[in-house]
file model29.cif (mmCIF, C-alpha atoms)
data_input
loop_
_atom_site.group_PDB
_atom_site.id
_atom_site.type_symbol
_atom_site.label_atom_id
_atom_site.label_comp_id
_atom_site.auth_asym_id
_atom_site.auth_seq_id
_atom_site.Cartn_x
_atom_site.Cartn_y
_atom_site.Cartn_z
ATOM 1 C CA MET A 48 -103.754 11.466 66.028
ATOM 2 C CA SER A 49 -101.464 9.781 68.566
ATOM 3 C CA ALA A 50 -99.563 11.882 71.070
ATOM 4 C CA SER A 51 -96.240 10.458 69.853
ATOM 5 C CA MET A 52 -96.952 11.465 66.251
ATOM 6 C CA LYS A 53 -97.949 14.961 67.376
ATOM 7 C CA GLU A 54 -94.732 15.284 69.366
ATOM 8 C CA CYS A 55 -92.644 14.191 66.371
ATOM 9 C CA LEU A 56 -94.272 16.672 64.003
ATOM 10 C CA GLN A 57 -93.908 19.497 66.520
ATOM 11 C CA LEU A 58 -90.193 18.722 66.866
ATOM 12 C CA GLN A 59 -89.824 18.690 63.081
ATOM 13 C CA LEU A 60 -91.409 22.145 62.815
ATOM 14 C CA LEU A 61 -89.096 23.372 65.562
ATOM 15 C CA GLU A 62 -86.032 22.117 63.692
ATOM 16 C CA MET A 63 -87.240 23.666 60.431
ATOM 17 C CA GLU A 64 -87.574 27.033 62.202
ATOM 18 C CA MET A 65 -83.960 26.703 63.363
ATOM 19 C CA LEU A 66 -82.814 25.865 59.833
ATOM 20 C CA PHE A 67 -84.592 28.855 58.304
ATOM 21 C CA SER A 68 -82.948 31.110 60.906
ATOM 22 C CA MET A 69 -79.535 29.605 60.057
ATOM 23 C CA PHE A 70 -80.123 29.949 56.298
ATOM 24 C CA PRO A 71 -82.293 33.070 55.886
ATOM 25 C CA ASN A 72 -81.423 33.785 52.241
ATOM 26 C CA GLN A 73 -83.889 32.770 49.570
ATOM 27 C CA GLY A 74 -83.015 29.489 47.902
ATOM 28 C CA GLU A 75 -80.690 28.199 50.630
ATOM 29 C CA VAL A 76 -83.427 25.876 51.957
ATOM 30 C CA LYS A 77 -85.607 24.507 49.151
ATOM 31 C CA LEU A 78 -88.757 22.609 50.167
ATOM 32 C CA GLU A 79 -89.948 19.926 47.735
ATOM 33 C CA ASP A 80 -93.523 20.898 48.688
ATOM 34 C CA VAL A 81 -93.831 24.581 49.519
ATOM 35 C CA ASN A 82 -97.039 23.846 51.467
ATOM 36 C CA ALA A 83 -95.517 21.072 53.577
ATOM 37 C CA LEU A 84 -95.056 23.095 56.763
ATOM 38 C CA THR A 85 -98.484 24.741 56.451
ATOM 39 C CA ASN A 86 -100.178 21.346 56.036
ATOM 40 C CA ILE A 87 -98.432 19.995 59.147
ATOM 41 C CA LYS A 88 -99.532 23.029 61.182
ATOM 42 C CA ARG A 89 -103.119 22.516 59.969
ATOM 43 C CA TYR A 90 -102.883 18.847 60.925
ATOM 44 C CA LEU A 91 -101.619 19.680 64.405
ATOM 45 C CA ASP A 92 -104.407 22.258 64.855
ATOM 46 C CA GLY A 93 -107.013 19.646 63.880
ATOM 47 C CA ILE A 94 -108.061 21.499 60.717
ATOM 48 C CA ARG A 95 -106.703 18.804 58.422
ATOM 49 C CA GLU A 96 -107.590 15.153 59.069
ATOM 50 C CA ALA A 97 -105.317 13.355 56.604
ATOM 51 C CA LEU A 98 -101.687 12.815 57.589
ATOM 52 C CA PRO A 99 -99.641 15.413 55.672
ATOM 53 C CA PRO A 100 -96.771 14.408 53.357
ATOM 54 C CA LYS A 101 -93.266 14.080 54.771
ATOM 55 C CA ILE A 102 -91.053 17.141 54.937
ATOM 56 C CA GLU A 103 -88.473 16.949 52.135
ATOM 57 C CA PHE A 104 -85.964 19.669 51.376
ATOM 58 C CA VAL A 105 -82.479 20.469 50.064
ATOM 59 C CA ILE A 106 -79.967 22.744 51.823
ATOM 60 C CA THR A 107 -77.085 24.228 49.821
ATOM 61 C CA LEU A 108 -73.945 24.524 51.938
ATOM 62 C CA GLN A 109 -71.015 26.778 51.069
ATOM 63 C CA ILE A 110 -67.711 25.177 52.104
ATOM 64 C CA GLU A 111 -64.996 27.752 52.621
ATOM 65 C CA GLU A 112 -61.897 25.624 51.954
ATOM 66 C CA PRO A 113 -61.915 24.467 49.250
ATOM 67 C CA LYS A 114 -64.488 26.800 47.682
ATOM 68 C CA VAL A 115 -67.202 24.256 46.833
ATOM 69 C CA LYS A 116 -70.924 23.685 47.328
ATOM 70 C CA ILE A 117 -72.648 20.682 48.865
ATOM 71 C CA ASP A 118 -76.354 19.952 48.454
ATOM 72 C CA LEU A 119 -77.749 18.094 51.460
ATOM 73 C CA GLN A 120 -80.998 16.322 50.599
ATOM 74 C CA VAL A 121 -83.137 15.526 53.654
ATOM 75 C CA THR A 122 -86.352 13.544 54.167
ATOM 76 C CA MET A 123 -88.009 13.556 57.586
ATOM 77 C CA PRO A 124 -90.107 10.417 58.225
ATOM 78 C CA HIS A 125 -93.294 11.136 60.154
ATOM 79 C CA SER A 126 -91.803 9.483 63.262
ATOM 80 C CA TYR A 127 -88.483 11.395 63.113
ATOM 81 C CA PRO A 128 -86.616 12.073 65.412
ATOM 82 C CA TYR A 129 -87.551 8.698 66.945
ATOM 83 C CA VAL A 130 -86.661 6.914 63.694
ATOM 84 C CA ALA A 131 -83.617 7.447 61.477
ATOM 85 C CA LEU A 132 -83.411 10.519 59.282
ATOM 86 C CA GLN A 133 -82.924 10.048 55.540
ATOM 87 C CA MET A 134 -80.233 12.301 54.094
ATOM 88 C CA PHE A 135 -77.724 12.334 51.260
ATOM 89 C CA ALA A 136 -74.957 14.841 50.456
ATOM 90 C CA ARG A 137 -73.788 15.440 46.903
ATOM 91 C CA SER A 138 -71.489 17.775 45.033
ATOM 92 C CA PRO A 139 -70.502 17.996 41.347
ATOM 93 C CA GLU A 140 -66.892 18.355 42.536
ATOM 94 C CA LEU A 141 -66.863 14.800 43.958
ATOM 95 C CA ASP A 142 -66.625 11.596 41.965
ATOM 96 C CA ARG A 143 -68.849 8.633 42.780
ATOM 97 C CA GLN A 144 -66.361 6.959 45.134
ATOM 98 C CA GLN A 145 -65.589 10.082 47.184
ATOM 99 C CA GLN A 146 -69.288 10.929 47.374
ATOM 100 C CA LEU A 147 -70.025 7.456 48.756
ATOM 101 C CA LEU A 148 -67.225 7.831 51.311
ATOM 102 C CA LEU A 149 -68.536 11.248 52.374
ATOM 103 C CA ASN A 150 -72.048 9.889 52.916
ATOM 104 C CA LYS A 151 -70.719 6.841 54.713
ATOM 105 C CA GLY A 152 -68.942 9.119 57.192
ATOM 106 C CA LEU A 153 -72.047 11.300 57.563
ATOM 107 C CA THR A 154 -74.320 8.283 58.148
ATOM 108 C CA SER A 155 -71.901 6.853 60.693
ATOM 109 C CA TYR A 156 -71.889 10.145 62.594
ATOM 110 C CA ILE A 157 -75.700 10.491 62.568
ATOM 111 C CA GLY A 158 -75.940 6.916 63.847
ATOM 112 C CA THR A 159 -74.352 8.031 67.146
ATOM 113 C CA PHE A 160 -77.446 10.084 68.066
ATOM 114 C CA ASP A 161 -80.044 8.659 70.445
ATOM 115 C CA PRO A 162 -83.717 8.347 69.419
ATOM 116 C CA GLY A 163 -85.497 11.635 70.041
ATOM 117 C CA GLU A 164 -82.465 13.826 69.262
ATOM 118 C CA LEU A 165 -82.710 16.334 66.409
ATOM 119 C CA CYS A 166 -79.721 15.939 64.136
ATOM 120 C CA VAL A 167 -80.078 17.984 60.907
ATOM 121 C CA CYS A 168 -78.188 20.963 62.356
ATOM 122 C CA ALA A 169 -75.497 18.636 63.691
ATOM 123 C CA ALA A 170 -75.190 16.968 60.270
ATOM 124 C CA ILE A 171 -74.682 20.383 58.658
ATOM 125 C CA GLN A 172 -71.948 21.218 61.169
ATOM 126 C CA TRP A 173 -70.287 17.846 60.534
ATOM 127 C CA LEU A 174 -70.205 18.508 56.780
ATOM 128 C CA GLN A 175 -68.759 21.982 57.291
ATOM 129 C CA ASP A 176 -66.053 20.603 59.600
ATOM 130 C CA ASN A 177 -65.173 17.359 57.793
ATOM 131 C CA SER A 178 -66.028 17.508 54.078
ATOM 132 C CA ALA A 179 -62.850 19.339 52.983
ATOM 133 C CA SER A 180 -60.672 16.224 53.240
ATOM 134 C CA TYR A 181 -62.886 14.348 50.766
ATOM 135 C CA PHE A 182 -62.438 17.096 48.176
ATOM 136 C CA LEU A 183 -58.684 17.248 48.804
ATOM 137 C CA ASN A 184 -58.395 13.480 48.380
ATOM 138 C CA ARG A 185 -60.242 13.759 45.061
ATOM 139 C CA LYS A 186 -57.806 16.441 43.909
ATOM 140 C CA LEU A 187 -54.816 14.205 44.637
ATOM 141 C CA VAL A 188 -56.387 11.256 42.806
ATOM 142 C CA ASP A 189 -57.122 13.381 39.753
ATOM 143 C CA GLU A 190 -53.528 14.571 39.345
ATOM 144 C CA PRO A 191 -52.240 13.150 36.027
ATOM 145 C CA SER A 192 -49.461 10.599 36.369
ATOM 146 C CA THR A 193 -47.426 12.339 33.667
ATOM 147 C CA GLN A 194 -47.240 15.598 35.594
ATOM 148 C CA ALA A 195 -43.662 16.805 35.724
ATOM 149 C CA LYS A 196 -43.763 18.302 39.202
ATOM 150 C CA PRO A 197 -44.455 15.923 42.117
ATOM 151 C CA VAL A 198 -47.410 16.708 44.344
ATOM 152 C CA LYS A 199 -46.418 18.416 47.565
ATOM 153 C CA ASN A 200 -48.266 17.479 50.720
ATOM 154 C CA THR A 201 -48.190 18.975 54.199
ATOM 155 C CA PHE A 202 -47.217 16.568 56.949
ATOM 156 C CA LEU A 203 -48.562 17.566 60.366
ATOM 157 C CA ARG A 204 -47.866 16.434 63.931
ATOM 158 C CA MET A 205 -50.076 17.573 66.818
ATOM 159 C CA TRP A 206 -49.458 17.238 70.554
ATOM 160 C CA ILE A 207 -52.843 17.275 72.289
ATOM 161 C CA TYR A 208 -53.474 17.558 76.038
ATOM 162 C CA SER A 209 -56.624 16.742 78.001
ATOM 163 C CA HIS A 210 -57.276 16.982 81.718
ATOM 164 C CA HIS A 211 -58.140 13.281 81.638
ATOM 165 C CA ILE A 212 -59.225 10.472 79.318
ATOM 166 C CA TYR A 213 -61.228 7.793 81.133
ATOM 167 C CA GLN A 214 -64.460 6.904 79.313
ATOM 168 C CA GLN A 215 -64.438 3.652 77.388
ATOM 169 C CA ASP A 216 -66.590 5.002 74.536
ATOM 170 C CA LEU A 217 -64.294 8.024 74.119
ATOM 171 C CA ARG A 218 -61.176 5.840 74.085
ATOM 172 C CA LYS A 219 -62.812 3.574 71.517
ATOM 173 C CA LYS A 220 -63.751 6.569 69.356
ATOM 174 C CA ILE A 221 -60.193 7.953 69.434
ATOM 175 C CA LEU A 222 -58.700 4.630 68.305
ATOM 176 C CA GLU A 223 -61.322 4.109 65.587
ATOM 177 C CA VAL A 224 -60.846 7.611 64.160
ATOM 178 C CA GLY A 225 -57.049 7.234 64.225
ATOM 179 C CA LYS A 226 -57.155 3.948 62.314
ATOM 180 C CA ARG A 227 -59.796 5.173 59.846
ATOM 181 C CA LEU A 228 -57.755 8.242 58.908
ATOM 182 C CA ASP A 229 -54.462 6.310 58.645
ATOM 183 C CA VAL A 230 -52.653 8.533 61.141
ATOM 184 C CA THR A 231 -49.957 7.358 63.542
ATOM 185 C CA GLY A 232 -49.149 8.245 67.132
ATOM 186 C CA PHE A 233 -50.620 7.344 70.507
ATOM 187 C CA CYS A 234 -53.296 8.142 73.061
ATOM 188 C CA MET A 235 -52.209 8.009 76.702
ATOM 189 C CA THR A 236 -55.294 7.409 78.834
ATOM 190 C CA GLY A 237 -55.823 8.418 82.451
ATOM 191 C CA LYS A 238 -54.913 11.757 84.033
ATOM 192 C CA PRO A 239 -53.531 13.678 82.284
ATOM 193 C CA GLY A 240 -54.538 12.467 78.843
ATOM 194 C CA ILE A 241 -51.965 13.042 76.109
ATOM 195 C CA ILE A 242 -52.418 12.394 72.390
ATOM 196 C CA CYS A 243 -49.839 12.643 69.621
ATOM 197 C CA VAL A 244 -51.211 12.352 66.087
ATOM 198 C CA GLU A 245 -49.194 12.615 62.870
ATOM 199 C CA GLY A 246 -49.956 12.253 59.183
ATOM 200 C CA PHE A 247 -51.166 14.339 56.263
ATOM 201 C CA LYS A 248 -52.512 17.723 57.369
ATOM 202 C CA GLU A 249 -56.115 17.114 56.256
ATOM 203 C CA HIS A 250 -56.221 13.772 58.091
ATOM 204 C CA CYS A 251 -54.827 15.206 61.343
ATOM 205 C CA GLU A 252 -57.204 18.157 61.215
ATOM 206 C CA GLU A 253 -60.150 15.823 60.633
ATOM 207 C CA PHE A 254 -58.978 13.715 63.588
ATOM 208 C CA TRP A 255 -58.834 16.869 65.750
ATOM 209 C CA HIS A 256 -62.302 18.035 64.690
ATOM 210 C CA THR A 257 -63.846 14.584 65.098
ATOM 211 C CA ILE A 258 -62.635 13.799 68.610
ATOM 212 C CA ARG A 259 -63.498 17.294 69.878
ATOM 213 C CA TYR A 260 -67.020 17.327 68.506
ATOM 214 C CA PRO A 261 -69.543 17.884 69.963
ATOM 215 C CA ASN A 262 -68.655 18.740 73.580
ATOM 216 C CA TRP A 263 -65.147 17.759 74.701
ATOM 217 C CA LYS A 264 -64.262 20.953 76.568
ATOM 218 C CA HIS A 265 -61.113 20.148 78.552
ATOM 219 C CA ILE A 266 -58.824 19.493 75.603
ATOM 220 C CA SER A 267 -56.322 21.660 73.752
ATOM 221 C CA CYS A 268 -53.628 21.362 71.119
ATOM 222 C CA LYS A 269 -50.412 22.369 72.898
ATOM 223 C CA HIS A 270 -48.187 22.316 69.823
ATOM 224 C CA ALA A 271 -48.431 21.552 66.102
ATOM 225 C CA GLU A 272 -45.583 21.254 63.623
ATOM 226 C CA SER A 273 -45.920 21.007 59.857
ATOM 227 C CA MET A 274 -43.474 19.993 57.137
ATOM 228 C CA GLU A 275 -43.700 19.907 53.355
ATOM 229 C CA THR A 276 -43.117 16.529 51.707
ATOM 230 C CA GLU A 277 -43.301 15.215 48.161
ATOM 231 C CA GLY A 278 -43.689 11.588 49.217
ATOM 232 C CA ASP A 279 -45.988 9.634 51.489
ATOM 233 C CA GLY A 280 -44.432 11.122 54.626
ATOM 234 C CA GLN A 281 -43.263 7.779 56.008
ATOM 235 C CA ASP A 282 -39.767 9.134 56.622
ATOM 236 C CA LEU A 283 -41.234 11.886 58.827
ATOM 237 C CA ARG A 284 -43.260 9.630 61.103
ATOM 238 C CA LEU A 285 -42.029 8.947 64.627
ATOM 239 C CA PHE A 286 -44.505 6.111 65.182
ATOM 240 C CA HIS A 287 -45.502 3.106 63.074
ATOM 241 C CA SER A 288 -49.173 2.895 64.090
ATOM 242 C CA PHE A 289 -51.811 4.599 66.225
ATOM 243 C CA GLU A 290 -52.059 2.885 69.599
ATOM 244 C CA GLU A 291 -53.515 3.326 73.057
ATOM 245 C CA LEU A 292 -50.927 3.777 75.777
ATOM 246 C CA LEU A 293 -51.986 2.163 79.068
ATOM 247 C CA LEU A 294 -49.775 3.040 82.039
ATOM 248 C CA GLU A 295 -49.895 2.296 85.743
ATOM 249 C CA ALA A 296 -51.431 4.812 88.107
ATOM 250 C CA HIS A 297 -49.022 6.778 90.298
ATOM 251 C CA GLY A 298 -49.819 5.503 93.792
ATOM 252 C CA ASP A 299 -52.741 3.459 95.121
ATOM 253 C CA TYR A 300 -56.114 5.120 94.620
ATOM 254 C CA GLY A 301 -58.308 2.058 95.070
ATOM 255 C CA LEU A 302 -61.556 2.359 93.130
ATOM 256 C CA ARG A 303 -61.231 6.106 92.615
ATOM 257 C CA ASN A 304 -61.173 7.335 89.055
ATOM 258 C CA ASP A 305 -59.217 10.483 89.886
ATOM 259 C CA TYR A 306 -55.627 9.297 89.610
ATOM 260 C CA HIS A 307 -52.459 10.561 87.967
ATOM 261 C CA MET A 308 -50.642 8.342 85.505
ATOM 262 C CA ASN A 309 -47.033 7.311 86.102
ATOM 263 C CA LEU A 310 -45.286 9.896 83.937
ATOM 264 C CA GLY A 311 -41.979 8.098 84.442
ATOM 265 C CA GLN A 312 -43.360 5.224 82.365
ATOM 266 C CA PHE A 313 -44.605 7.713 79.809
ATOM 267 C CA LEU A 314 -41.139 9.210 79.429
ATOM 268 C CA GLU A 315 -39.673 5.708 79.090
ATOM 269 C CA PHE A 316 -42.101 5.142 76.232
ATOM 270 C CA LEU A 317 -40.943 8.357 74.550
ATOM 271 C CA LYS A 318 -37.286 7.345 75.001
ATOM 272 C CA LYS A 319 -37.964 4.392 72.682
ATOM 273 C CA HIS A 320 -38.712 7.041 70.080
ATOM 274 C CA LYS A 321 -35.750 9.288 70.893
ATOM 275 C CA LYS A 322 -36.707 12.082 68.538
ATOM 276 C CA ALA A 323 -40.224 12.099 69.995
ATOM 277 C CA LEU A 324 -38.777 12.670 73.466
ATOM 278 C CA ILE A 325 -36.691 15.593 72.228
ATOM 279 C CA LEU A 326 -39.654 17.170 70.412
ATOM 280 C CA PHE A 327 -41.967 16.678 73.363
ATOM 281 C CA SER A 328 -39.463 18.273 75.712
ATOM 282 C CA HIS A 329 -38.544 21.224 73.488
ATOM 283 C CA ARG A 330 -42.033 21.990 72.175
ATOM 284 C CA VAL A 331 -44.412 20.982 74.947
ATOM 285 C CA MET A 332 -42.554 20.803 78.253
ATOM 286 C CA SER A 333 -40.887 24.169 77.659
ATOM 287 C CA ASN A 334 -44.272 25.806 77.024
ATOM 288 C CA SER A 335 -45.098 28.204 79.852
ATOM 289 C CA SER A 336 -48.698 27.020 79.710
ATOM 290 C CA GLN A 337 -47.769 23.355 80.050
ATOM 291 C CA PRO A 338 -50.201 21.096 81.946
ATOM 292 C CA HIS A 339 -49.748 21.144 85.720
ATOM 293 C CA GLY A 340 -49.310 17.383 85.835
ATOM 294 C CA LEU A 341 -46.229 17.692 83.612
ATOM 295 C CA GLN A 342 -44.581 20.690 85.240
ATOM 296 C CA HIS A 343 -42.662 18.675 87.814
ATOM 297 C CA ALA A 344 -41.803 15.626 85.723
ATOM 298 C CA ARG A 345 -38.013 15.300 85.439
ATOM 299 C CA ILE A 346 -36.969 14.110 82.015
ATOM 300 C CA PRO A 347 -33.662 12.275 81.585
ATOM 301 C CA CYS A 348 -31.451 13.674 78.871
ATOM 302 C CA PRO A 349 -31.828 11.551 75.707
ATOM 303 C CA LEU A 350 -28.418 12.432 74.317
ATOM 304 C CA PRO A 351 -25.704 9.754 74.582
ATOM 305 C CA SER A 352 -23.389 11.964 76.694
ATOM 306 C CA PRO A 353 -25.447 14.073 79.095
ATOM 307 C CA GLY A 354 -22.312 15.480 80.660
ATOM 308 C CA VAL A 355 -21.438 17.395 77.524
ATOM 309 C CA CYS A 356 -24.969 18.746 76.931
ATOM 310 C CA PRO A 357 -25.053 22.471 76.111
ATOM 311 C CA SER A 358 -26.416 24.709 78.845
ATOM 312 C CA SER A 359 -29.417 25.439 76.666
ATOM 313 C CA CYS A 360 -30.539 21.798 76.752
ATOM 314 C CA PRO A 361 -34.057 21.775 78.266
ATOM 315 C CA PHE A 362 -33.382 18.537 80.149
ATOM 316 C CA HIS A 363 -30.883 20.338 82.446
ATOM 317 C CA ARG A 364 -33.008 23.354 83.262
#

call {"tool": "encode", "arguments": {"input": "model29.cif", "output": "structure tokens"}}
result
Amino acid sequence: MSASMKECLQLQLLEMEMLFSMFPNQGEVKLEDVNALTNIKRYLDGIREALPPKIEFVITLQIEEPKVKIDLQVTMPHSYPYVALQMFARSPELDRQQQLLLNKGLTSYIGTFDPGELCVCAAIQWLQDNSASYFLNRKLVDEPSTQAKPVKNTFLRMWIYSHHIYQQDLRKKILEVGKRLDVTGFCMTGKPGIICVEGFKEHCEEFWHTIRYPNWKHISCKHAESMETEGDGQDLRLFHSFEELLLEAHGDYGLRNDYHMNLGQFLEFLKKHKKALILFSHRVMSNSSQPHGLQHARIPCPLPSPGVCPSSCPFHR
């Protein structure tokens, strides 16, 4: 028995112990071979000579919203976690196309893990955080075309603040997620980092969950606004696409990575979307907990006649 194989099997047993502690109720974790874990322990102790069968099991997940169940079928190759895990999620509430899309997203997420990393628990968390949108999309598709009442959707816009956004892989992930979910808005890189994302509620919430997970700590949603719409929401959008906003640094910092972006350029960008400037100023800048980097930025009044602005206008405070 090679040391690498022993290490893999020990890690698999460790992950199974974690899963049984997460799902302690009978029937939540169903092993295909009830003796699988015992045989692996015997193999590791040298009592059994033949390589034991792979660990195969099904976990039943309860999704809170909507109230549905997902069965996650998992097969651990003997060399897992140093080779790819085999898993497939299914639910009777999903049609074939939505089920394929769900598993495509799950596989893509698992593919971001490095060899040697355990990922079953992370896959479960991903399904709990992201599967709802696939069920909601199915519901919209299944609505009969002859229905008298039009389907109402919730349009959402989120203003997100981060201490900074520098890393190339993070910037790439943000753009890819934005395009995949068909949301619009922008991501301003540098320090501070500011993201505006708008679209259907389920898509924006999936965007928010995806970019945060698993360990982006210095990020918060400063303001979110929702509106009911019976159409595709195009008339509510402030932006036509999701783009990365690259601005000049404020001052000369040489090779240092700790620099503040030129917020004057940022405000000029918002002025091109006049309503966006007004919303940003009213909803975000007026927030008492606004980011320090924005507290001293002076915003020009977007109205055509600043001299007749009411005293309550936030641009004259």

call {"tool": "resolve_selection", "arguments": {"input": "model29.cif", "expression": "the PyMOL selection byres ((chain A and resi 254) around 9)", "output": "list in words"}}
result
Ile221, Val224, Gly225, Leu228, Val230, Val244, Glu249, His250, Cys251, Glu252, Glu253, Trp255, His256, Thr257, Ile258 and Arg259 of chain A

call {"tool": "resolve_selection", "arguments": {"input": "model29.cif", "expression": "the PyMOL selection byres ((chain A and resi 83-97) around 10)", "output": "list in words"}}
result
Met48, Met52, Lys53, Glu54, Leu56, Gln57, Gln59, Leu60, Met63, Leu78, Glu79, Asp80, Val81, Asn82, Leu98, Pro99, Pro100, Lys101, Ile102, Glu103 and Phe104 of chain A

call {"tool": "residues_around", "arguments": {"input": "model29.cif", "residues": "Gly232 in chain A", "least_positions_apart": "3", "cutoff": "6 Å", "atoms": "all atoms listed in the file", "output": "list in words"}}
result
Cys243, Val244, Phe286 and Phe289 of chain A

call {"tool": "atom_distance", "arguments": {"input": "model29.cif", "atom1": "CA of Ala271 in chain A", "atom2": "CA of Thr231 in chain A"}}
result
14.5 Å

call {"tool": "resolve_selection", "arguments": {"input": "model29.cif", "expression": "the PyMOL selection byres ((chain A and resi 65-68) around 12)", "output": "PDB file with C-alpha atoms, in the coordinates of the input"}}
result
ATOM      1  CA  LEU A  58     -90.193  18.722  66.866  1.00  0.00           C
ATOM      2  CA  GLN A  59     -89.824  18.690  63.081  1.00  0.00           C
ATOM      3  CA  LEU A  60     -91.409  22.145  62.815  1.00  0.00           C
ATOM      4  CA  LEU A  61     -89.096  23.372  65.562  1.00  0.00           C
ATOM      5  CA  GLU A  62     -86.032  22.117  63.692  1.00  0.00           C
ATOM      6  CA  MET A  63     -87.240  23.666  60.431  1.00  0.00           C
ATOM      7  CA  GLU A  64     -87.574  27.033  62.202  1.00  0.00           C
ATOM      8  CA  MET A  69     -79.535  29.605  60.057  1.00  0.00           C
ATOM      9  CA  PHE A  70     -80.123  29.949  56.298  1.00  0.00           C
ATOM     10  CA  PRO A  71     -82.293  33.070  55.886  1.00  0.00           C
ATOM     11  CA  ASN A  72     -81.423  33.785  52.241  1.00  0.00           C
ATOM     12  CA  GLN A  73     -83.889  32.770  49.570  1.00  0.00           C
ATOM     13  CA  GLY A  74     -83.015  29.489  47.902  1.00  0.00           C
ATOM     14  CA  GLU A  75     -80.690  28.199  50.630  1.00  0.00           C
ATOM     15  CA  VAL A  76     -83.427  25.876  51.957  1.00  0.00           C
ATOM     16  CA  LYS A  77     -85.607  24.507  49.151  1.00  0.00           C
ATOM     17  CA  LEU A  78     -88.757  22.609  50.167  1.00  0.00           C
ATOM     18  CA  PHE A 104     -85.964  19.669  51.376  1.00  0.00           C
ATOM     19  CA  VAL A 105     -82.479  20.469  50.064  1.00  0.00           C
ATOM     20  CA  ILE A 106     -79.967  22.744  51.823  1.00  0.00           C
ATOM     21  CA  THR A 107     -77.085  24.228  49.821  1.00  0.00           C
ATOM     22  CA  LEU A 108     -73.945  24.524  51.938  1.00  0.00           C
ATOM     23  CA  LEU A 165     -82.710  16.334  66.409  1.00  0.00           C
ATOM     24  CA  CYS A 166     -79.721  15.939  64.136  1.00  0.00           C
ATOM     25  CA  VAL A 167     -80.078  17.984  60.907  1.00  0.00           C
ATOM     26  CA  CYS A 168     -78.188  20.963  62.356  1.00  0.00           C
ATOM     27  CA  ALA A 169     -75.497  18.636  63.691  1.00  0.00           C
ATOM     28  CA  ALA A 170     -75.190  16.968  60.270  1.00  0.00           C
ATOM     29  CA  ILE A 171     -74.682  20.383  58.658  1.00  0.00           C
ATOM     30  CA  GLN A 172     -71.948  21.218  61.169  1.00  0.00           C
TER      31      GLN A 172
END

call {"tool": "atom_distance", "arguments": {"input": "model29.cif", "atom1": "CA of Trp206 in chain A", "atom2": "CA of Trp263 in chain A"}}
result
16.2 Å
